[in-house]
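Have a look at input_2.txt below; it lists compact mmCIF, C-alpha atoms.
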```
# COMPACT_ATOMS: atom_id res chain seq x y z
CA MET B 1 -15.16 16.19 -59.58
CA GLY B 2 -14.36 12.46 -59.47
CA LYS B 3 -11.16 12.95 -57.46
CA SER B 4 -12.75 15.42 -55.05
CA LYS B 5 -15.65 13.04 -54.47
CA MET B 6 -13.24 10.19 -53.85
CA LEU B 7 -11.25 12.27 -51.35
CA THR B 8 -14.41 13.46 -49.60
CA GLU B 9 -15.78 9.94 -49.25
CA GLY B 10 -12.36 8.72 -48.09
CA ALA B 11 -12.28 11.38 -45.37
CA LEU B 12 -15.85 10.49 -44.37
CA MET B 13 -15.04 6.75 -44.12
CA LEU B 14 -11.95 7.59 -42.08
CA ALA B 15 -14.08 9.68 -39.70
CA VAL B 16 -16.60 6.84 -39.33
CA PHE B 17 -13.79 4.40 -38.57
CA ALA B 18 -12.30 6.83 -36.02
CA ILE B 19 -15.66 7.09 -34.19
CA LEU B 20 -16.11 3.29 -34.17
CA LEU B 21 -12.54 2.79 -32.96
CA PHE B 22 -12.98 5.41 -30.23
CA ILE B 23 -16.11 3.59 -28.99
CA TYR B 24 -14.27 0.25 -29.19
CA ASN B 25 -11.36 1.55 -27.12
CA TYR B 26 -13.01 3.82 -24.58
CA ILE B 27 -16.65 2.72 -24.06
CA PRO B 28 -16.66 -0.88 -22.75
CA LEU B 29 -20.40 -1.57 -23.01
CA LEU B 30 -20.65 -0.38 -26.62
CA SER B 31 -17.31 -1.83 -27.73
CA ILE B 32 -18.93 -5.22 -28.46
CA VAL B 33 -21.33 -3.51 -30.87
CA SER B 34 -18.74 -1.22 -32.52
CA VAL B 35 -16.35 -4.09 -33.25
CA LEU B 36 -19.00 -5.63 -35.52
CA PHE B 37 -18.90 -2.59 -37.83
CA LEU B 38 -15.19 -1.68 -37.89
CA LEU B 39 -14.74 -3.12 -41.38
CA LEU B 40 -17.83 -1.37 -42.83
CA PRO B 41 -16.03 1.87 -43.91
CA PHE B 42 -13.41 -0.19 -45.74
CA ILE B 43 -16.04 -2.30 -47.53
CA LEU B 44 -18.01 0.76 -48.66
CA TYR B 45 -14.93 2.57 -49.94
CA SER B 46 -13.11 -0.31 -51.64
CA ALA B 47 -16.38 -1.50 -53.27
CA LYS B 48 -16.48 1.80 -55.18
CA TYR B 49 -12.87 2.85 -55.71
CA PRO B 50 -9.65 1.16 -56.92
CA PHE B 51 -7.50 -0.98 -54.66
CA LYS B 52 -4.63 1.54 -54.40
CA HIS B 53 -6.97 4.20 -52.99
CA ALA B 54 -8.32 1.70 -50.46
CA LEU B 55 -4.73 1.12 -49.30
CA VAL B 56 -4.40 4.87 -48.64
CA LEU B 57 -7.52 4.58 -46.47
CA LEU B 58 -5.87 1.68 -44.61
CA ILE B 59 -2.72 3.75 -43.96
CA GLY B 60 -4.90 6.60 -42.69
CA SER B 61 -6.72 4.22 -40.34
CA ILE B 62 -3.40 3.02 -38.90
CA LEU B 63 -2.34 6.62 -38.19
CA ILE B 64 -5.70 7.32 -36.54
CA SER B 65 -5.29 4.17 -34.42
CA VAL B 66 -2.02 5.53 -33.04
CA LEU B 67 -3.52 8.99 -32.40
CA LEU B 68 -6.64 7.62 -30.68
CA GLY B 69 -5.05 5.03 -28.50
CA SER B 70 -1.68 3.37 -28.77
CA LEU B 71 0.34 0.95 -30.85
CA PHE B 72 -1.93 -1.83 -29.58
CA LEU B 73 -4.78 -0.52 -31.75
CA ILE B 74 -2.76 -0.96 -34.95
CA PRO B 75 -3.53 -4.72 -35.12
CA VAL B 76 -7.24 -3.87 -34.89
CA ALA B 77 -6.96 -1.48 -37.85
CA LEU B 78 -4.94 -4.03 -39.83
CA ILE B 79 -7.19 -7.05 -39.31
CA TYR B 80 -10.46 -5.19 -39.98
CA GLY B 81 -9.02 -2.88 -42.62
CA THR B 82 -7.46 -5.60 -44.78
CA THR B 83 -10.48 -7.88 -44.40
CA GLY B 84 -12.87 -5.05 -45.28
CA ILE B 85 -10.78 -4.08 -48.32
CA ALA B 86 -10.75 -7.71 -49.50
CA ILE B 87 -14.55 -7.88 -49.22
CA GLY B 88 -14.99 -4.56 -51.02
CA TYR B 89 -12.56 -5.59 -53.78
CA CYS B 90 -14.52 -8.84 -54.35
CA ILE B 91 -17.76 -6.84 -54.56
CA ARG B 92 -16.27 -4.33 -57.01
CA THR B 93 -14.82 -7.05 -59.26
CA LYS B 94 -18.10 -9.06 -59.17
CA LYS B 95 -16.69 -12.15 -57.48
CA SER B 96 -19.07 -14.82 -56.20
CA LYS B 97 -20.05 -14.75 -52.55
CA PHE B 98 -18.16 -18.01 -51.97
CA VAL B 99 -14.91 -16.45 -53.28
CA LEU B 100 -15.63 -13.33 -51.21
CA TYR B 101 -16.21 -15.38 -48.06
CA MET B 102 -13.15 -17.61 -48.53
CA SER B 103 -10.86 -14.66 -49.33
CA ALA B 104 -12.01 -12.64 -46.32
CA SER B 105 -11.84 -15.65 -43.95
CA ILE B 106 -8.34 -16.69 -45.03
CA LEU B 107 -7.09 -13.10 -44.78
CA PHE B 108 -8.65 -12.73 -41.32
CA LEU B 109 -6.99 -15.99 -40.25
CA LEU B 110 -3.57 -14.97 -41.63
CA ASN B 111 -3.85 -11.62 -39.81
CA ALA B 112 -4.57 -13.42 -36.54
CA ILE B 113 -1.62 -15.80 -36.97
CA LEU B 114 0.86 -13.09 -38.02
CA GLN B 115 -0.20 -10.78 -35.19
CA TYR B 116 0.13 -13.65 -32.70
CA ILE B 117 3.67 -14.38 -33.94
CA ALA B 118 4.55 -10.66 -33.95
CA PHE B 119 3.38 -10.32 -30.33
CA ILE B 120 5.64 -13.21 -29.28
CA VAL B 121 8.64 -11.79 -31.16
CA LEU B 122 8.20 -8.17 -29.99
CA PHE B 123 7.18 -8.75 -26.37
CA ASN B 124 8.63 -12.23 -25.76
CA LYS B 125 5.29 -13.37 -24.35
CA ASN B 126 3.05 -16.19 -25.48
CA ILE B 127 -0.53 -15.09 -24.84
CA LEU B 128 -1.84 -18.66 -24.96
CA LYS B 129 0.68 -19.88 -22.39
CA VAL B 130 -0.20 -16.96 -20.10
CA LEU B 131 -3.92 -17.79 -20.42
CA ILE B 132 -3.29 -21.49 -19.78
CA THR B 133 -1.24 -20.68 -16.67
CA THR B 134 -4.02 -18.37 -15.42
CA PHE B 135 -6.65 -21.08 -16.00
CA GLU B 136 -4.48 -23.64 -14.18
CA ASP B 137 -4.11 -21.38 -11.14
CA SER B 138 -7.84 -20.63 -10.98
CA PHE B 139 -8.74 -24.29 -11.51
CA GLN B 140 -6.42 -25.43 -8.72
CA GLN B 141 -8.12 -23.01 -6.35
CA SER B 142 -11.56 -24.22 -7.49
CA ALA B 143 -10.48 -27.86 -7.09
CA LYS B 144 -9.40 -27.23 -3.50
CA ILE B 145 -12.73 -25.56 -2.71
CA LEU B 146 -14.68 -28.48 -4.26
CA GLU B 147 -12.54 -30.98 -2.34
CA GLY B 148 -13.36 -29.15 0.87
CA LEU B 149 -17.08 -29.46 0.01
CA GLY B 150 -16.69 -33.21 -0.59
CA GLN B 151 -17.07 -33.04 -4.39
CA GLY B 152 -14.11 -35.31 -5.21
CA SER B 153 -10.36 -35.17 -4.65
CA SER B 154 -8.31 -32.36 -6.13
CA GLU B 155 -6.03 -34.93 -7.85
CA GLN B 156 -8.97 -36.45 -9.75
CA LEU B 157 -10.22 -33.02 -10.74
CA MET B 158 -6.75 -31.98 -11.90
CA GLU B 159 -6.45 -35.15 -14.00
CA GLN B 160 -9.76 -34.34 -15.69
CA TYR B 161 -8.67 -30.75 -16.22
CA ASN B 162 -5.29 -31.76 -17.67
CA ALA B 163 -6.99 -34.17 -20.10
CA PHE B 164 -9.36 -31.38 -21.18
CA LEU B 165 -6.47 -28.91 -21.49
CA ASP B 166 -4.45 -31.36 -23.61
CA THR B 167 -7.39 -31.76 -25.98
CA ILE B 168 -7.94 -28.01 -26.31
CA THR B 169 -4.20 -27.36 -26.80
CA THR B 170 -4.03 -30.01 -29.53
CA LEU B 171 -7.10 -28.62 -31.29
CA LEU B 172 -6.02 -24.96 -31.10
CA PRO B 173 -5.10 -24.71 -34.82
CA SER B 174 -8.52 -26.11 -35.81
CA LEU B 175 -10.34 -23.89 -33.34
CA LEU B 176 -8.48 -20.85 -34.71
CA VAL B 177 -9.46 -21.74 -38.29
CA ILE B 178 -13.10 -22.43 -37.42
CA SER B 179 -13.44 -19.31 -35.25
CA SER B 180 -11.99 -17.13 -38.06
CA PHE B 181 -14.51 -18.49 -40.55
CA VAL B 182 -17.38 -18.10 -38.07
CA VAL B 183 -16.39 -14.50 -37.19
CA VAL B 184 -16.17 -13.51 -40.87
CA TRP B 185 -19.53 -15.15 -41.58
CA LEU B 186 -21.07 -13.12 -38.73
CA LEU B 187 -19.45 -9.88 -39.95
CA LEU B 188 -20.72 -10.49 -43.48
CA ALA B 189 -24.22 -11.28 -42.23
CA ILE B 190 -24.31 -7.96 -40.35
CA ASN B 191 -22.50 -5.63 -42.77
CA LEU B 192 -23.52 -6.76 -46.27
CA PRO B 193 -27.21 -5.81 -45.80
CA ILE B 194 -26.01 -2.32 -44.78
CA VAL B 195 -23.72 -2.15 -47.83
CA LYS B 196 -26.70 -3.10 -50.01
CA ARG B 197 -28.65 -0.11 -48.63
CA PHE B 198 -25.99 2.16 -50.16
CA LYS B 199 -27.08 0.86 -53.60
CA ILE B 200 -24.00 -1.33 -53.94
CA ASP B 201 -24.68 -4.64 -55.66
CA VAL B 202 -23.55 -7.40 -53.29
CA PRO B 203 -23.42 -11.10 -54.27
CA LYS B 204 -26.03 -13.44 -52.84
CA TRP B 205 -25.63 -16.81 -51.17
CA ASN B 206 -27.25 -19.84 -52.67
CA ALA B 207 -29.74 -21.49 -50.34
CA PHE B 208 -28.02 -23.51 -47.58
CA ARG B 209 -29.91 -26.63 -48.72
CA GLU B 210 -28.00 -26.42 -52.04
CA LEU B 211 -24.61 -26.68 -50.36
CA LYS B 212 -22.64 -29.59 -51.79
CA LEU B 213 -19.03 -30.01 -50.72
CA PRO B 214 -16.53 -31.58 -53.15
CA LYS B 215 -16.60 -35.38 -53.00
CA SER B 216 -12.81 -35.37 -52.56
CA ILE B 217 -13.33 -34.14 -48.97
CA LEU B 218 -14.94 -37.51 -48.17
CA TRP B 219 -11.84 -39.30 -49.42
CA TYR B 220 -9.61 -37.06 -47.30
CA TYR B 221 -11.78 -37.89 -44.29
CA LEU B 222 -11.47 -41.64 -44.92
CA ILE B 223 -7.69 -41.34 -45.38
CA THR B 224 -7.30 -39.51 -42.03
CA ILE B 225 -9.35 -42.24 -40.29
CA ILE B 226 -7.15 -44.97 -41.82
CA LEU B 227 -3.99 -43.04 -40.90
CA ALA B 228 -5.20 -42.64 -37.31
CA ILE B 229 -5.71 -46.44 -37.09
CA ILE B 230 -2.45 -47.46 -38.80
CA TRP B 231 -0.03 -44.69 -37.86
CA ARG B 232 -1.05 -43.85 -34.26
CA PRO B 233 1.50 -41.07 -33.61
CA GLU B 234 2.36 -40.33 -30.00
CA GLN B 235 0.32 -37.71 -28.23
CA GLY B 236 1.98 -34.29 -28.21
CA THR B 237 3.98 -34.86 -31.39
CA TYR B 238 3.52 -32.69 -34.49
CA GLY B 239 2.22 -35.71 -36.38
CA ASN B 240 -0.48 -36.31 -33.79
CA MET B 241 -1.43 -32.63 -33.72
CA ALA B 242 -1.66 -32.46 -37.53
CA LEU B 243 -3.75 -35.63 -37.76
CA VAL B 244 -6.12 -34.69 -34.93
CA ASN B 245 -6.71 -31.19 -36.33
CA LEU B 246 -7.21 -32.43 -39.89
CA ASN B 247 -9.66 -35.06 -38.67
CA PHE B 248 -11.53 -32.51 -36.54
CA ILE B 249 -11.94 -30.04 -39.44
CA LEU B 250 -13.09 -32.79 -41.82
CA GLN B 251 -15.60 -34.02 -39.23
CA MET B 252 -17.00 -30.51 -38.96
CA LEU B 253 -17.33 -30.39 -42.76
CA MET B 254 -19.22 -33.70 -42.73
CA VAL B 255 -21.55 -32.28 -40.07
CA LEU B 256 -22.05 -29.16 -42.20
CA GLN B 257 -22.93 -31.36 -45.19
CA GLY B 258 -25.33 -33.29 -42.97
CA TYR B 259 -27.10 -30.12 -41.88
CA SER B 260 -27.38 -29.07 -45.53
CA PHE B 261 -29.04 -32.39 -46.31
CA VAL B 262 -31.49 -31.90 -43.41
CA PHE B 263 -32.53 -28.54 -44.89
CA PHE B 264 -32.76 -30.11 -48.36
CA PHE B 265 -34.96 -32.95 -47.06
CA SER B 266 -37.14 -30.49 -45.16
CA HIS B 267 -37.58 -28.40 -48.33
CA GLU B 268 -38.47 -31.47 -50.40
CA LYS B 269 -41.06 -32.54 -47.84
CA ARG B 270 -42.34 -28.95 -47.61
CA TRP B 271 -41.94 -28.81 -43.86
CA THR B 272 -42.00 -25.51 -42.06
CA LYS B 273 -38.60 -23.78 -41.84
CA ALA B 274 -38.69 -24.06 -38.06
CA ILE B 275 -38.21 -27.85 -38.16
CA PRO B 276 -34.64 -27.99 -39.59
CA ILE B 277 -33.65 -25.03 -37.40
CA LEU B 278 -34.89 -26.89 -34.32
CA ILE B 279 -32.98 -30.00 -35.43
CA VAL B 280 -29.77 -27.95 -35.62
CA ILE B 281 -30.40 -26.49 -32.14
CA PHE B 282 -31.16 -29.91 -30.60
CA THR B 283 -28.03 -31.48 -32.06
CA PHE B 284 -25.93 -28.71 -30.54
CA PHE B 285 -27.33 -29.42 -27.09
CA LEU B 286 -27.51 -33.21 -27.51
CA PHE B 287 -24.03 -33.84 -28.86
CA PRO B 288 -24.45 -37.59 -29.64
CA LEU B 289 -27.05 -36.62 -32.27
CA GLN B 290 -24.27 -34.98 -34.25
CA TYR B 291 -22.98 -38.47 -35.09
CA ILE B 292 -26.24 -39.06 -36.97
CA ILE B 293 -25.87 -35.72 -38.78
CA ARG B 294 -22.28 -36.60 -39.67
CA ILE B 295 -23.38 -39.98 -41.08
CA LEU B 296 -26.04 -38.21 -43.15
CA GLY B 297 -23.33 -35.90 -44.52
CA ILE B 298 -21.10 -38.86 -45.40
CA MET B 299 -23.97 -40.71 -47.10
CA ASP B 300 -25.02 -37.59 -48.98
CA LEU B 301 -21.51 -37.08 -50.35
CA GLY B 302 -20.66 -40.73 -50.91
CA PHE B 303 -23.96 -42.23 -52.08
CA GLY B 304 -25.84 -39.23 -53.48
CA LEU B 305 -28.85 -39.22 -51.14
CA ARG B 306 -30.27 -36.13 -52.82
CA GLN B 307 -30.22 -37.72 -56.28
CA PHE B 308 -31.86 -40.82 -54.83
CA LEU B 309 -34.65 -38.73 -53.28
CA ASN B 310 -35.12 -36.75 -56.50
CA ARG B 311 -35.44 -39.96 -58.56
CA LYS B 312 -37.83 -41.43 -56.01
CA SER B 313 -40.04 -38.32 -56.01
CA SER B 314 -40.11 -38.16 -59.81
```
What would the structure in this file look like if it were written as structure tokens?
Amino acid sequence: MGKSKMLTEGALMLAVFAILLFIYNYIPLLSIVSVLFLLLPFILYSAKYPFKHALVLLIGSILISVLLGSLFLIPVALIYGTTGIAIGYCIRTKKSKFVLYMSASILFLLNAILQYIAFIVLFNKNILKVLITTFEDSFQQSAKILEGLGQGSSEQLMEQYNAFLDTITTLLPSLLVISSFVVVWLLLAINLPIVKRFKIDVPKWNAFRELKLPKSILWYYLITIILAIIWRPEQGTYGNMALVNLNFILQMLMVLQGYSFVFFFSHEKRWTKAIPILIVIFTFFLFPLQYIIRILGIMDLGFGLRQFLNRKSS
């Protein structure tokens, strides 16, 4: 009975994945919705059954990807299948939600990197370079139109564009890391409540106000600032790219710690939940305010603002 149930549920999960993949590939308007649930069958199955059986489900999903579309759907099955299996495995083995989130995010990121490299090797095409060339062509046309309307010379506009493009190109590794973690967070936020409805015990997050990053991150941040002042590697070199990306990621972590402190302070003062949410929204639109949030994060990690407030209140 156990084996037959396992096979039946495996076939059912495979059918669900096939329907979602069909929608993703053939129905443009609904594809955005279906892509949010592609890993759900893998989570549900691997949360209940051993890892080796989940791998059989992954192999079946790859075969279905080929039957439904083409070889280009295999990467979709791989990235969502492996990530979903990792999440389900963490649920089945009672890992904390932090371990679950980090495992899924890193696996999602590795999938993206490996598939990017595989695409270059197999098709001898760099997707990023193709996109950059396309953007350059469209921007040159836009610059000429704006110049004709008296909105500045095309040379000035191209200089601004090239400076922006250099920054984005340098920060691509950081943007890839951050986007992977954000995408996985969104997928977890959507799918875990559904998994819970199937009477599967999923781990819970601690409140965001309780987030406390390791103090060592503050030291890493200070070291990168000192290195940037002393070393000053030339722009475009690997040293410059590594330093800029490391500094950018650490800055984002300081901002995250700052937001956590804002929610902590709001909770201590018993403000309505709308106030810290509005603060987050305003700082996204008014970028200079993020410097204040970053300073709060640094002070919270370095000087223990929360402990100071707790002692003051007691």
Using all atoms listed in the file, the shortest atom-to-atom distance to Ile279 of chain B among B:Leu7, B:Ile223, B:Met102, B:Val262 belongs to B:Val262
Please provide as a VMD selection string all residues within 10 Å of Asn247 of chain B, with the sequence filter that same-chain residues fewer than 5 positions apart are discarded (counting only C-alpha atoms).
chain B and resid 174 220 to 225 228 241 to 242 252 to 253
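Relative to atom CA of Ile178 of chain B, atom CA of Leu250 of chain B is found at 11.3 Å.
The closest residue to Arg306 of chain B, picked from B:Trp271, B:Leu246, B:Glu210, B:Ile87 and counting only C-alpha atoms, is B:Glu210.
Using all atoms listed in the file, the protein and nucleic acid residues lying no more than 10 Å from Leu78 of chain B, apart from those fewer than 5 places from it along its own chain, are B:Leu39, B:Leu58, B:Ile59, B:Ser61, B:Ile62, B:Ser65, B:Leu73, B:Thr83, B:Gly84, B:Phe108, B:Asn111, B:Ala112, B:Gln115.
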Item checked: Spatial neighbours of segment 17-22 of chain B, max dist 12 Å, all atoms listed in the file, sep filter under 5 positions, as number ranges by chain -> B: 10-12, 27-28, 30-45, 57-58, 60-70, 73-77, 80-81, 84
Save the residues we just selected, C-alpha atoms, as a short mmCIF file (atom, residue, chain, number, x, y, z; two decimals), in the coordinates of the input?
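What landed in result-v9.cif:
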```cif
data_model
loop_
_atom_site.label_atom_id
_atom_site.label_comp_id
_atom_site.auth_asym_id
_atom_site.auth_seq_id
_atom_site.Cartn_x
_atom_site.Cartn_y
_atom_site.Cartn_z
CA GLY B 10 -12.36 8.72 -48.09
CA ALA B 11 -12.28 11.38 -45.37
CA LEU B 12 -15.85 10.49 -44.37
CA ILE B 27 -16.65 2.72 -24.06
CA PRO B 28 -16.66 -0.88 -22.75
CA LEU B 30 -20.65 -0.38 -26.62
CA SER B 31 -17.31 -1.83 -27.73
CA ILE B 32 -18.93 -5.22 -28.46
CA VAL B 33 -21.33 -3.51 -30.87
CA SER B 34 -18.74 -1.22 -32.52
CA VAL B 35 -16.35 -4.09 -33.25
CA LEU B 36 -19.00 -5.63 -35.52
CA PHE B 37 -18.90 -2.59 -37.83
CA LEU B 38 -15.19 -1.68 -37.89
CA LEU B 39 -14.74 -3.12 -41.38
CA LEU B 40 -17.83 -1.37 -42.83
CA PRO B 41 -16.03 1.87 -43.91
CA PHE B 42 -13.41 -0.19 -45.74
CA ILE B 43 -16.04 -2.30 -47.53
CA LEU B 44 -18.01 0.76 -48.66
CA TYR B 45 -14.93 2.57 -49.94
CA LEU B 57 -7.52 4.58 -46.47
CA LEU B 58 -5.87 1.68 -44.61
CA GLY B 60 -4.90 6.60 -42.69
CA SER B 61 -6.72 4.22 -40.34
CA ILE B 62 -3.40 3.02 -38.90
CA LEU B 63 -2.34 6.62 -38.19
CA ILE B 64 -5.70 7.32 -36.54
CA SER B 65 -5.29 4.17 -34.42
CA VAL B 66 -2.02 5.53 -33.04
CA LEU B 67 -3.52 8.99 -32.40
CA LEU B 68 -6.64 7.62 -30.68
CA GLY B 69 -5.05 5.03 -28.50
CA SER B 70 -1.68 3.37 -28.77
CA LEU B 73 -4.78 -0.52 -31.75
CA ILE B 74 -2.76 -0.96 -34.95
CA PRO B 75 -3.53 -4.72 -35.12
CA VAL B 76 -7.24 -3.87 -34.89
CA ALA B 77 -6.96 -1.48 -37.85
CA TYR B 80 -10.46 -5.19 -39.98
CA GLY B 81 -9.02 -2.88 -42.62
CA GLY B 84 -12.87 -5.05 -45.28
#
```
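Atom CA of Ser105 of chain B is positioned 5.7 Å from atom CA of Val184 of chain B.
Atom CA of Leu305 of chain B is found 11.7 Å from atom CA of Ser260 of chain B.
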Enclose all atoms of segment 253-265 of chain B listed in the file in an axis-aligned box, grow every side by 6 Å, and hand back centre and edge lengths in Å to one decimal, as JSON.
```
{"center_x": -26.1, "center_y": -31.1, "center_z": -44.2, "size_x": 29.6, "size_y": 17.2, "size_z": 20.3}
```
